[in-house]
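Below is my_file.cif, which holds mmCIF, N, CA and C atoms.
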```
data_entry
#
loop_
_atom_site.label_atom_id
_atom_site.label_comp_id
_atom_site.auth_asym_id
_atom_site.auth_seq_id
_atom_site.Cartn_x
_atom_site.Cartn_y
_atom_site.Cartn_z
N MET D 181 -4.87 -6.98 5.83
CA MET D 181 -5.15 -5.80 5.05
C MET D 181 -5.21 -4.59 5.97
N GLY D 182 -5.06 -3.42 5.41
CA GLY D 182 -5.12 -2.20 6.20
C GLY D 182 -6.53 -1.95 6.71
N SER D 183 -6.67 -0.99 7.58
CA SER D 183 -8.00 -0.66 8.07
C SER D 183 -8.82 -0.12 6.91
N PRO D 184 -10.16 -0.20 7.00
CA PRO D 184 -11.01 0.19 5.88
C PRO D 184 -10.72 1.58 5.32
N GLY D 185 -10.35 2.53 6.16
CA GLY D 185 -10.12 3.88 5.68
C GLY D 185 -8.68 4.21 5.32
N THR D 186 -7.77 3.33 5.65
CA THR D 186 -6.36 3.63 5.41
C THR D 186 -5.67 2.47 4.71
N PRO D 187 -5.56 2.53 3.39
CA PRO D 187 -4.87 1.46 2.68
C PRO D 187 -3.38 1.43 3.04
N ILE D 188 -2.81 0.25 3.00
CA ILE D 188 -1.38 0.07 3.25
C ILE D 188 -0.72 -0.31 1.94
N VAL D 189 0.36 0.41 1.62
CA VAL D 189 1.12 0.18 0.39
C VAL D 189 2.55 -0.16 0.77
N TYR D 190 3.05 -1.28 0.28
CA TYR D 190 4.46 -1.63 0.44
C TYR D 190 5.13 -1.43 -0.91
N CYS D 191 6.27 -0.79 -0.89
CA CYS D 191 7.00 -0.50 -2.12
C CYS D 191 8.43 -1.02 -2.02
N LEU D 192 8.76 -1.95 -2.89
CA LEU D 192 10.12 -2.47 -2.99
C LEU D 192 10.84 -1.67 -4.07
N THR D 193 11.77 -0.81 -3.65
CA THR D 193 12.52 -0.01 -4.62
C THR D 193 13.85 0.42 -4.02
N ARG D 194 14.81 0.63 -4.89
CA ARG D 194 16.09 1.22 -4.50
C ARG D 194 16.24 2.60 -5.15
N ASP D 195 15.20 3.02 -5.85
CA ASP D 195 15.19 4.30 -6.56
C ASP D 195 14.71 5.39 -5.60
N ARG D 196 15.64 6.16 -5.09
CA ARG D 196 15.29 7.20 -4.11
C ARG D 196 14.40 8.28 -4.71
N GLU D 197 14.60 8.57 -5.97
CA GLU D 197 13.76 9.57 -6.63
C GLU D 197 12.30 9.09 -6.68
N LEU D 198 12.10 7.85 -7.05
CA LEU D 198 10.75 7.29 -7.08
C LEU D 198 10.14 7.28 -5.67
N ALA D 199 10.92 6.88 -4.68
CA ALA D 199 10.43 6.85 -3.30
C ALA D 199 10.00 8.25 -2.85
N THR D 200 10.78 9.25 -3.18
CA THR D 200 10.44 10.62 -2.81
C THR D 200 9.15 11.06 -3.48
N ILE D 201 9.01 10.76 -4.77
CA ILE D 201 7.80 11.15 -5.50
C ILE D 201 6.58 10.45 -4.90
N LEU D 202 6.70 9.16 -4.64
CA LEU D 202 5.57 8.42 -4.07
C LEU D 202 5.23 8.94 -2.68
N ASP D 203 6.24 9.21 -1.88
CA ASP D 203 6.02 9.71 -0.53
C ASP D 203 5.26 11.04 -0.56
N GLU D 204 5.57 11.88 -1.52
CA GLU D 204 4.93 13.19 -1.63
C GLU D 204 3.53 13.11 -2.21
N ARG D 205 3.28 12.13 -3.09
CA ARG D 205 2.04 12.15 -3.87
C ARG D 205 0.98 11.16 -3.45
N VAL D 206 1.34 10.12 -2.76
CA VAL D 206 0.33 9.13 -2.36
C VAL D 206 -0.30 9.58 -1.04
N ASP D 207 -1.49 10.14 -1.14
CA ASP D 207 -2.22 10.61 0.03
C ASP D 207 -3.28 9.58 0.42
N GLY D 208 -3.60 9.54 1.68
CA GLY D 208 -4.67 8.68 2.13
C GLY D 208 -4.27 7.22 2.30
N ALA D 209 -3.00 6.93 2.20
CA ALA D 209 -2.50 5.56 2.40
C ALA D 209 -1.23 5.63 3.22
N LEU D 210 -0.95 4.55 3.92
CA LEU D 210 0.32 4.42 4.62
C LEU D 210 1.28 3.72 3.66
N VAL D 211 2.36 4.38 3.31
CA VAL D 211 3.30 3.82 2.35
C VAL D 211 4.60 3.49 3.09
N PHE D 212 5.04 2.25 2.92
CA PHE D 212 6.28 1.78 3.52
C PHE D 212 7.23 1.37 2.41
N PHE D 213 8.50 1.74 2.54
CA PHE D 213 9.49 1.47 1.51
C PHE D 213 10.50 0.45 2.00
N TYR D 214 10.86 -0.47 1.11
CA TYR D 214 11.85 -1.51 1.42
C TYR D 214 12.84 -1.54 0.27
N ASN D 215 14.13 -1.72 0.62
CA ASN D 215 15.14 -1.71 -0.43
C ASN D 215 15.66 -3.10 -0.79
N ASP D 216 15.09 -4.13 -0.17
CA ASP D 216 15.43 -5.49 -0.60
C ASP D 216 14.25 -6.42 -0.35
N ALA D 217 14.21 -7.50 -1.11
CA ALA D 217 13.09 -8.42 -1.08
C ALA D 217 12.91 -9.08 0.29
N ALA D 218 14.00 -9.33 1.00
CA ALA D 218 13.89 -9.97 2.31
C ALA D 218 13.11 -9.09 3.29
N ARG D 219 13.34 -7.79 3.26
CA ARG D 219 12.60 -6.88 4.16
C ARG D 219 11.14 -6.81 3.77
N LEU D 220 10.87 -6.81 2.47
CA LEU D 220 9.48 -6.84 2.00
C LEU D 220 8.79 -8.10 2.50
N HIS D 221 9.45 -9.23 2.39
CA HIS D 221 8.89 -10.50 2.85
C HIS D 221 8.57 -10.44 4.35
N GLN D 222 9.49 -9.89 5.13
CA GLN D 222 9.27 -9.78 6.58
C GLN D 222 8.04 -8.93 6.88
N ALA D 223 7.90 -7.83 6.18
CA ALA D 223 6.76 -6.94 6.41
C ALA D 223 5.45 -7.63 6.06
N ILE D 224 5.43 -8.36 4.96
CA ILE D 224 4.21 -9.05 4.55
C ILE D 224 3.81 -10.11 5.56
N VAL D 225 4.78 -10.80 6.13
CA VAL D 225 4.49 -11.79 7.15
C VAL D 225 3.83 -11.14 8.36
N LEU D 226 4.28 -9.94 8.72
CA LEU D 226 3.74 -9.24 9.89
C LEU D 226 2.37 -8.63 9.62
N ARG D 227 2.19 -8.06 8.45
CA ARG D 227 0.91 -7.44 8.11
C ARG D 227 0.74 -7.36 6.60
N ALA D 228 -0.33 -7.93 6.13
CA ALA D 228 -0.60 -7.93 4.69
C ALA D 228 -1.01 -6.53 4.22
N PRO D 229 -0.44 -6.08 3.12
CA PRO D 229 -0.79 -4.76 2.59
C PRO D 229 -1.98 -4.86 1.63
N ASP D 230 -2.45 -3.71 1.20
CA ASP D 230 -3.50 -3.64 0.19
C ASP D 230 -2.89 -3.62 -1.22
N LEU D 231 -1.71 -3.03 -1.32
CA LEU D 231 -1.02 -2.89 -2.61
C LEU D 231 0.47 -3.11 -2.39
N VAL D 232 1.09 -3.86 -3.31
CA VAL D 232 2.54 -4.04 -3.29
C VAL D 232 3.09 -3.54 -4.62
N VAL D 233 3.98 -2.58 -4.54
CA VAL D 233 4.66 -2.04 -5.72
C VAL D 233 6.06 -2.64 -5.74
N ILE D 234 6.40 -3.29 -6.85
CA ILE D 234 7.71 -3.93 -6.98
C ILE D 234 8.46 -3.26 -8.12
N ASP D 235 9.54 -2.60 -7.79
CA ASP D 235 10.42 -2.00 -8.78
C ASP D 235 11.47 -3.06 -9.11
N THR D 236 11.50 -3.51 -10.36
CA THR D 236 12.42 -4.61 -10.71
C THR D 236 13.88 -4.24 -10.48
N GLY D 237 14.18 -2.94 -10.42
CA GLY D 237 15.55 -2.51 -10.15
C GLY D 237 16.02 -2.86 -8.75
N ALA D 238 15.08 -3.18 -7.86
CA ALA D 238 15.43 -3.54 -6.48
C ALA D 238 15.68 -5.04 -6.32
N ILE D 239 15.41 -5.80 -7.36
CA ILE D 239 15.65 -7.25 -7.30
C ILE D 239 17.04 -7.49 -7.87
N ARG D 240 17.92 -7.99 -7.01
CA ARG D 240 19.34 -8.08 -7.38
C ARG D 240 19.86 -9.51 -7.22
N PRO D 241 19.97 -10.22 -8.33
CA PRO D 241 20.49 -11.60 -8.27
C PRO D 241 21.87 -11.69 -7.65
N GLU D 242 22.69 -10.66 -7.82
CA GLU D 242 24.05 -10.68 -7.26
C GLU D 242 24.05 -10.71 -5.73
N PHE D 243 22.91 -10.38 -5.13
CA PHE D 243 22.79 -10.44 -3.68
C PHE D 243 21.91 -11.60 -3.22
N GLY D 244 21.65 -12.53 -4.12
CA GLY D 244 20.90 -13.72 -3.76
C GLY D 244 19.42 -13.68 -4.06
N ASP D 245 18.92 -12.57 -4.60
CA ASP D 245 17.51 -12.52 -4.96
C ASP D 245 17.26 -13.48 -6.12
N ALA D 246 16.17 -14.22 -6.06
CA ALA D 246 15.88 -15.24 -7.07
C ALA D 246 15.24 -14.68 -8.33
N GLY D 247 14.74 -13.45 -8.29
CA GLY D 247 14.11 -12.86 -9.45
C GLY D 247 12.70 -12.39 -9.13
N LEU D 248 12.06 -11.79 -10.12
CA LEU D 248 10.73 -11.24 -9.94
C LEU D 248 9.69 -12.32 -9.65
N GLY D 249 9.75 -13.43 -10.37
CA GLY D 249 8.76 -14.49 -10.19
C GLY D 249 8.59 -14.94 -8.75
N PRO D 250 9.66 -15.28 -8.06
CA PRO D 250 9.52 -15.69 -6.66
C PRO D 250 9.01 -14.58 -5.72
N VAL D 251 9.35 -13.33 -6.00
CA VAL D 251 8.85 -12.23 -5.17
C VAL D 251 7.33 -12.12 -5.34
N VAL D 252 6.87 -12.15 -6.58
CA VAL D 252 5.43 -12.08 -6.86
C VAL D 252 4.72 -13.29 -6.26
N ALA D 253 5.29 -14.47 -6.41
CA ALA D 253 4.68 -15.68 -5.85
C ALA D 253 4.53 -15.59 -4.34
N PHE D 254 5.54 -15.06 -3.67
CA PHE D 254 5.47 -14.89 -2.21
C PHE D 254 4.35 -13.94 -1.83
N VAL D 255 4.25 -12.82 -2.54
CA VAL D 255 3.19 -11.86 -2.25
C VAL D 255 1.83 -12.51 -2.45
N ARG D 256 1.66 -13.24 -3.54
CA ARG D 256 0.37 -13.89 -3.81
C ARG D 256 0.03 -14.94 -2.77
N GLU D 257 1.05 -15.63 -2.28
CA GLU D 257 0.82 -16.67 -1.27
C GLU D 257 0.47 -16.08 0.09
N ARG D 258 1.20 -15.06 0.51
CA ARG D 258 1.06 -14.53 1.87
C ARG D 258 0.09 -13.36 1.99
N ALA D 259 -0.20 -12.70 0.88
CA ALA D 259 -1.12 -11.55 0.88
C ALA D 259 -2.01 -11.65 -0.36
N ALA D 260 -2.79 -12.69 -0.40
CA ALA D 260 -3.56 -13.03 -1.60
C ALA D 260 -4.49 -11.92 -2.08
N ALA D 261 -5.00 -11.12 -1.18
CA ALA D 261 -5.92 -10.05 -1.56
C ALA D 261 -5.21 -8.78 -2.03
N ALA D 262 -3.91 -8.70 -1.84
CA ALA D 262 -3.17 -7.49 -2.23
C ALA D 262 -3.07 -7.38 -3.75
N ARG D 263 -3.22 -6.17 -4.23
CA ARG D 263 -2.95 -5.92 -5.64
C ARG D 263 -1.44 -5.80 -5.82
N ILE D 264 -0.97 -6.24 -6.97
CA ILE D 264 0.47 -6.21 -7.26
C ILE D 264 0.70 -5.32 -8.47
N ALA D 265 1.65 -4.40 -8.34
CA ALA D 265 2.03 -3.53 -9.44
C ALA D 265 3.54 -3.61 -9.60
N VAL D 266 4.00 -3.74 -10.84
CA VAL D 266 5.43 -3.94 -11.10
C VAL D 266 5.94 -2.84 -12.03
N ARG D 267 7.05 -2.24 -11.62
CA ARG D 267 7.73 -1.23 -12.45
C ARG D 267 8.91 -1.90 -13.13
N PRO D 268 8.83 -2.07 -14.45
CA PRO D 268 9.94 -2.71 -15.17
C PRO D 268 11.08 -1.73 -15.43
N GLY D 269 12.21 -2.29 -15.80
CA GLY D 269 13.30 -1.46 -16.29
C GLY D 269 12.99 -1.05 -17.72
N PRO D 270 13.70 -0.08 -18.26
CA PRO D 270 13.45 0.37 -19.63
C PRO D 270 13.54 -0.78 -20.64
N GLY D 271 12.50 -0.91 -21.47
CA GLY D 271 12.50 -1.90 -22.54
C GLY D 271 12.19 -3.32 -22.12
N ALA D 272 11.86 -3.53 -20.86
CA ALA D 272 11.64 -4.90 -20.38
C ALA D 272 10.20 -5.17 -19.98
N ASP D 273 9.28 -4.27 -20.33
CA ASP D 273 7.90 -4.43 -19.86
C ASP D 273 7.24 -5.72 -20.34
N TRP D 274 7.52 -6.15 -21.55
CA TRP D 274 6.91 -7.39 -22.05
C TRP D 274 7.39 -8.61 -21.26
N LEU D 275 8.67 -8.63 -20.93
CA LEU D 275 9.23 -9.74 -20.17
C LEU D 275 8.73 -9.71 -18.72
N VAL D 276 8.69 -8.53 -18.15
CA VAL D 276 8.22 -8.38 -16.77
C VAL D 276 6.76 -8.79 -16.67
N GLY D 277 5.96 -8.41 -17.65
CA GLY D 277 4.55 -8.80 -17.65
C GLY D 277 4.38 -10.30 -17.63
N ALA D 278 5.19 -10.99 -18.39
CA ALA D 278 5.11 -12.46 -18.41
C ALA D 278 5.56 -13.06 -17.09
N GLU D 279 6.60 -12.51 -16.51
CA GLU D 279 7.12 -13.06 -15.25
C GLU D 279 6.22 -12.72 -14.06
N ALA D 280 5.60 -11.54 -14.08
CA ALA D 280 4.72 -11.14 -12.98
C ALA D 280 3.41 -11.90 -13.00
N GLY D 281 2.97 -12.28 -14.17
CA GLY D 281 1.77 -13.09 -14.28
C GLY D 281 0.48 -12.30 -14.40
N VAL D 282 -0.59 -13.06 -14.58
CA VAL D 282 -1.92 -12.50 -14.75
C VAL D 282 -2.34 -11.72 -13.51
N GLY D 283 -2.92 -10.57 -13.74
CA GLY D 283 -3.44 -9.76 -12.63
C GLY D 283 -2.48 -8.70 -12.13
N ALA D 284 -1.20 -8.83 -12.43
CA ALA D 284 -0.25 -7.80 -12.00
C ALA D 284 -0.36 -6.61 -12.95
N VAL D 285 -0.33 -5.43 -12.37
CA VAL D 285 -0.36 -4.20 -13.16
C VAL D 285 1.08 -3.83 -13.50
N ILE D 286 1.33 -3.56 -14.78
CA ILE D 286 2.66 -3.13 -15.19
C ILE D 286 2.66 -1.60 -15.19
N LEU D 287 3.53 -1.04 -14.37
CA LEU D 287 3.62 0.41 -14.20
C LEU D 287 4.52 1.03 -15.25
N PRO D 288 4.36 2.32 -15.50
CA PRO D 288 5.29 3.03 -16.38
C PRO D 288 6.70 3.08 -15.77
N VAL D 289 7.69 3.18 -16.61
CA VAL D 289 9.09 3.26 -16.15
C VAL D 289 9.38 4.63 -15.55
N SER D 290 8.87 5.68 -16.15
CA SER D 290 9.11 7.05 -15.69
C SER D 290 8.62 7.23 -14.26
N GLY D 291 9.43 7.88 -13.43
CA GLY D 291 9.08 8.08 -12.03
C GLY D 291 7.76 8.81 -11.83
N ALA D 292 7.54 9.90 -12.56
CA ALA D 292 6.32 10.68 -12.41
C ALA D 292 5.10 9.89 -12.88
N ALA D 293 5.20 9.26 -14.03
CA ALA D 293 4.08 8.46 -14.56
C ALA D 293 3.82 7.25 -13.67
N CYS D 294 4.87 6.65 -13.14
CA CYS D 294 4.73 5.53 -12.22
C CYS D 294 3.99 5.99 -10.97
N ALA D 295 4.36 7.13 -10.44
CA ALA D 295 3.70 7.67 -9.24
C ALA D 295 2.23 7.94 -9.51
N ASP D 296 1.91 8.49 -10.69
CA ASP D 296 0.51 8.73 -11.03
C ASP D 296 -0.28 7.43 -10.99
N ALA D 297 0.28 6.37 -11.56
CA ALA D 297 -0.39 5.06 -11.57
C ALA D 297 -0.55 4.51 -10.17
N VAL D 298 0.47 4.65 -9.34
CA VAL D 298 0.41 4.14 -7.96
C VAL D 298 -0.63 4.92 -7.16
N VAL D 299 -0.72 6.22 -7.37
CA VAL D 299 -1.73 7.03 -6.69
C VAL D 299 -3.12 6.49 -7.01
N GLU D 300 -3.38 6.19 -8.28
CA GLU D 300 -4.68 5.65 -8.67
C GLU D 300 -4.92 4.27 -8.06
N LEU D 301 -3.91 3.43 -8.05
CA LEU D 301 -4.06 2.08 -7.50
C LEU D 301 -4.26 2.08 -5.99
N SER D 302 -3.72 3.08 -5.31
CA SER D 302 -3.77 3.10 -3.84
C SER D 302 -5.10 3.60 -3.31
N ARG D 303 -5.96 4.04 -4.18
CA ARG D 303 -7.27 4.58 -3.73
C ARG D 303 -8.27 3.48 -3.50
#
```
Would you mind giving the structure from this file in C-alpha cells?
Amino acid sequence: MGSPGTPIVYCLTRDRELATILDERVDGALVFFYNDAARLHQAIVLRAPDLVVIDTGAIRPEFGDAGLGPVVAFVRERAAAARIAVRPGPGADWLVGAEAGVGAVILPVSGAACADAVVELSR
C-alpha cells in the first residue's frame, strides 16, 4: 500500500481524455496510468496500490486479454486491501457489476462524472 499520507492509484485505461481529467483532478494521490492489463499486473506485483480503476475499454480480448473477471481476480489476489473501481462501457453497467463482483465500485461512464467518483475514492 502507499505511504499513510500519499495514496497510490493505478488506472487501467486507453481513454486519453479520462486520463487527462484524472491527472488534473486527483490531488493528494500518486496516479499511475496503464494502457494494458499486463502492465497493470506488473505494477501490482512491484507495489500494491490503494485504489485500482479499471476502464473496461482497456480490456481487449483481441490482444489476448481474458476479460474483466480475471483482471479483478488478479487485483484481489495480489493487492487484497486495494479498493477496486470499474468504469463500464455505455449500457453495460449491470453486466460489469456482475463480472466485477461484490465490493467493486461501478463508476459512471461519463469522463467528468467518473473523475468525480475517483477523486472521492482516492481520499
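Excluding region 246-260 of chain D itself and any same-chain residue fewer than 3 positions from it, the protein and nucleic acid residues within 6 Å of it, counting all atoms listed in the file, are Ala228, Pro229, Pro241, Glu279 and Ala280 of chain D.
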Convert the current residue selection to file output with N, CA and C atoms, as a PDB file, in the coordinates of the input.
```pdb
ATOM      1  N   ALA D 228      -0.330  -7.930   6.130  1.00  0.00           N
ATOM      2  CA  ALA D 228      -0.600  -7.930   4.690  1.00  0.00           C
ATOM      3  C   ALA D 228      -1.010  -6.530   4.220  1.00  0.00           C
ATOM      4  N   PRO D 229      -0.440  -6.080   3.120  1.00  0.00           N
ATOM      5  CA  PRO D 229      -0.790  -4.760   2.590  1.00  0.00           C
ATOM      6  C   PRO D 229      -1.980  -4.860   1.630  1.00  0.00           C
ATOM      7  N   PRO D 241      19.970 -10.220  -8.330  1.00  0.00           N
ATOM      8  CA  PRO D 241      20.490 -11.600  -8.270  1.00  0.00           C
ATOM      9  C   PRO D 241      21.870 -11.690  -7.650  1.00  0.00           C
ATOM     10  N   GLU D 279       6.600 -12.510 -16.510  1.00  0.00           N
ATOM     11  CA  GLU D 279       7.120 -13.060 -15.250  1.00  0.00           C
ATOM     12  C   GLU D 279       6.220 -12.720 -14.060  1.00  0.00           C
ATOM     13  N   ALA D 280       5.600 -11.540 -14.080  1.00  0.00           N
ATOM     14  CA  ALA D 280       4.720 -11.140 -12.980  1.00  0.00           C
ATOM     15  C   ALA D 280       3.410 -11.900 -13.000  1.00  0.00           C
TER      16      ALA D 280
END
```
(message) Here is a test: counting only C-alpha atoms, which residue of D:Arg205, D:Arg227, D:Arg303, D:Arg240 is nearest to Leu192 (chain D)?
(response) D:Arg240
(request) Take CA of Asp207 (chain D) and CA of Val298 (chain D) and report the distance between them in Å, one decimal. (result)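 Atom-to-atom, CA of Asp207 (chain D) and CA of Val298 (chain D) are spaced 10.6 Å apart.
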(request) With the file shown as input, list the residues that the PyMOL selection byres ((chain D and resi 264) around 6) selects, as a list in words. (result)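 Listing what the PyMOL selection byres ((chain D and resi 264) around 6) selects in the shown file: Leu231, Val232, Val233, Ala262, Arg263, Ala265, Val266, Gly283, Ala284 and Val285 of chain D.
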How would the residues just chosen look if you wrote them out with N, CA and C atoms as a PDB file, in the frame of the given file?
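Writing the result to selection16.pdb gives the following:
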```
ATOM      1  N   LEU D 231      -1.710  -3.030  -1.320  1.00  0.00           N
ATOM      2  CA  LEU D 231      -1.020  -2.890  -2.610  1.00  0.00           C
ATOM      3  C   LEU D 231       0.470  -3.110  -2.390  1.00  0.00           C
ATOM      4  N   VAL D 232       1.090  -3.860  -3.310  1.00  0.00           N
ATOM      5  CA  VAL D 232       2.540  -4.040  -3.290  1.00  0.00           C
ATOM      6  C   VAL D 232       3.090  -3.540  -4.620  1.00  0.00           C
ATOM      7  N   VAL D 233       3.980  -2.580  -4.540  1.00  0.00           N
ATOM      8  CA  VAL D 233       4.660  -2.040  -5.720  1.00  0.00           C
ATOM      9  C   VAL D 233       6.060  -2.640  -5.740  1.00  0.00           C
ATOM     10  N   ALA D 262      -3.910  -8.700  -1.840  1.00  0.00           N
ATOM     11  CA  ALA D 262      -3.170  -7.490  -2.230  1.00  0.00           C
ATOM     12  C   ALA D 262      -3.070  -7.380  -3.750  1.00  0.00           C
ATOM     13  N   ARG D 263      -3.220  -6.170  -4.230  1.00  0.00           N
ATOM     14  CA  ARG D 263      -2.950  -5.920  -5.640  1.00  0.00           C
ATOM     15  C   ARG D 263      -1.440  -5.800  -5.820  1.00  0.00           C
ATOM     16  N   ALA D 265       1.650  -4.400  -8.340  1.00  0.00           N
ATOM     17  CA  ALA D 265       2.030  -3.530  -9.440  1.00  0.00           C
ATOM     18  C   ALA D 265       3.540  -3.610  -9.600  1.00  0.00           C
ATOM     19  N   VAL D 266       4.000  -3.740 -10.840  1.00  0.00           N
ATOM     20  CA  VAL D 266       5.430  -3.940 -11.100  1.00  0.00           C
ATOM     21  C   VAL D 266       5.940  -2.840 -12.030  1.00  0.00           C
ATOM     22  N   GLY D 283      -2.920 -10.570 -13.740  1.00  0.00           N
ATOM     23  CA  GLY D 283      -3.440  -9.760 -12.630  1.00  0.00           C
ATOM     24  C   GLY D 283      -2.480  -8.700 -12.130  1.00  0.00           C
ATOM     25  N   ALA D 284      -1.200  -8.830 -12.430  1.00  0.00           N
ATOM     26  CA  ALA D 284      -0.250  -7.800 -12.000  1.00  0.00           C
ATOM     27  C   ALA D 284      -0.360  -6.610 -12.950  1.00  0.00           C
ATOM     28  N   VAL D 285      -0.330  -5.430 -12.370  1.00  0.00           N
ATOM     29  CA  VAL D 285      -0.360  -4.200 -13.160  1.00  0.00           C
ATOM     30  C   VAL D 285       1.080  -3.830 -13.500  1.00  0.00           C
TER      31      VAL D 285
END
```
(request) Compile the contact shell of Gly269 (chain D) as a list in words: residues with an atom at most 12 Å away, counting only C-alpha atoms, same-chain residues fewer than 5 positions apart removed. (result)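 The filter keeps Thr193, Asp195, Ile234, Asp235, Thr236, Gly237, Ala238, Ile239, Leu248, Trp274, Leu275, Val276, Gly277, Ile286, Leu287, Pro288, Val289, Ser290, Gly291 and Cys294 of chain D.
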Just write the chosen residues, N, CA and C atoms, as a short mmCIF file (atom, residue, chain, number, x, y, z; two decimals), in the coordinates of the input.
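And here's again.cif as it stands now:
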```cif
data_model
loop_
_atom_site.label_atom_id
_atom_site.label_comp_id
_atom_site.auth_asym_id
_atom_site.auth_seq_id
_atom_site.Cartn_x
_atom_site.Cartn_y
_atom_site.Cartn_z
N THR D 193 11.77 -0.81 -3.65
CA THR D 193 12.52 -0.01 -4.62
C THR D 193 13.85 0.42 -4.02
N ASP D 195 15.20 3.02 -5.85
CA ASP D 195 15.19 4.30 -6.56
C ASP D 195 14.71 5.39 -5.60
N ILE D 234 6.40 -3.29 -6.85
CA ILE D 234 7.71 -3.93 -6.98
C ILE D 234 8.46 -3.26 -8.12
N ASP D 235 9.54 -2.60 -7.79
CA ASP D 235 10.42 -2.00 -8.78
C ASP D 235 11.47 -3.06 -9.11
N THR D 236 11.50 -3.51 -10.36
CA THR D 236 12.42 -4.61 -10.71
C THR D 236 13.88 -4.24 -10.48
N GLY D 237 14.18 -2.94 -10.42
CA GLY D 237 15.55 -2.51 -10.15
C GLY D 237 16.02 -2.86 -8.75
N ALA D 238 15.08 -3.18 -7.86
CA ALA D 238 15.43 -3.54 -6.48
C ALA D 238 15.68 -5.04 -6.32
N ILE D 239 15.41 -5.80 -7.36
CA ILE D 239 15.65 -7.25 -7.30
C ILE D 239 17.04 -7.49 -7.87
N LEU D 248 12.06 -11.79 -10.12
CA LEU D 248 10.73 -11.24 -9.94
C LEU D 248 9.69 -12.32 -9.65
N TRP D 274 7.52 -6.15 -21.55
CA TRP D 274 6.91 -7.39 -22.05
C TRP D 274 7.39 -8.61 -21.26
N LEU D 275 8.67 -8.63 -20.93
CA LEU D 275 9.23 -9.74 -20.17
C LEU D 275 8.73 -9.71 -18.72
N VAL D 276 8.69 -8.53 -18.15
CA VAL D 276 8.22 -8.38 -16.77
C VAL D 276 6.76 -8.79 -16.67
N GLY D 277 5.96 -8.41 -17.65
CA GLY D 277 4.55 -8.80 -17.65
C GLY D 277 4.38 -10.30 -17.63
N ILE D 286 1.33 -3.56 -14.78
CA ILE D 286 2.66 -3.13 -15.19
C ILE D 286 2.66 -1.60 -15.19
N LEU D 287 3.53 -1.04 -14.37
CA LEU D 287 3.62 0.41 -14.20
C LEU D 287 4.52 1.03 -15.25
N PRO D 288 4.36 2.32 -15.50
CA PRO D 288 5.29 3.03 -16.38
C PRO D 288 6.70 3.08 -15.77
N VAL D 289 7.69 3.18 -16.61
CA VAL D 289 9.09 3.26 -16.15
C VAL D 289 9.38 4.63 -15.55
N SER D 290 8.87 5.68 -16.15
CA SER D 290 9.11 7.05 -15.69
C SER D 290 8.62 7.23 -14.26
N GLY D 291 9.43 7.88 -13.43
CA GLY D 291 9.08 8.08 -12.03
C GLY D 291 7.76 8.81 -11.83
N CYS D 294 4.87 6.65 -13.14
CA CYS D 294 4.73 5.53 -12.22
C CYS D 294 3.99 5.99 -10.97
#
```
(request) Please identify all polymer residues within 7 Å of Ile201 (chain D), counting only N, CA and C atoms, omitting same-chain residues fewer than 5 positions from it, and present them as a list in words. (result) Arg196, Val206, Gly291 and Ala295 of chain D
Exercise on region 199-210 of chain D, axis-aligned box with 5 Å per side, report centre and edge lengths in Å to one decimal, as JSON:
```
{"center_x": 3.1, "center_y": 8.5, "center_z": -0.4, "size_x": 25.6, "size_y": 19.5, "size_z": 20.1}
```
(request) Using all atoms listed in the file, pick whichever of D:Val225, D:Ala293, D:Val189, D:Ala278 has the shortest atom-to-atom distance to Ala209 (chain D). (result)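 Under the stated criterion, the closest residue is D:Val189.
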(request) Run DSSP on the backbone and give me the residues of chain D it puts in strand (DSSP E), as an MDAnalysis selection string. (result) chainID D and resid 188:192 210:214 231:235 263:267 285:286
(message) Rounded to one decimal, what separation in Å do you get between atom N of Gly208 (chain D) and CA of Pro268 (chain D)?
(response)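 Here the two named atoms are 24.8 Å from each other.
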(request) Point out the residue among D:Asp230, D:Pro270, D:Val299, D:Gly281 with the least atom-to-atom distance to Leu202 (chain D), counting all atoms listed in the file. (result)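 The shortest atom-to-atom distance to Leu202 (chain D) comes from D:Val299.
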(message) Please extract the residues of chain D with a backbone DSSP assignment of helix (DSSP H, G or I) and present them as JSON, numbers by chain.
(response) {"D": [196, 197, 198, 199, 200, 201, 202, 203, 204, 205, 217, 218, 219, 220, 221, 222, 223, 224, 225, 226, 236, 237, 238, 241, 242, 243, 248, 249, 250, 251, 252, 253, 254, 255, 256, 257, 258, 273, 274, 275, 276, 277, 278, 279, 280, 291, 292, 293, 294, 295, 296, 297, 298, 299, 300, 301]}
(request) Provide the atom N of Ser302 (chain D) to atom C of Leu210 (chain D) distance in Å, to one decimal place. (result)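 Taking atom N of Ser302 (chain D) as the start and atom C of Leu210 (chain D) as the end point, the length is 10.3 Å.
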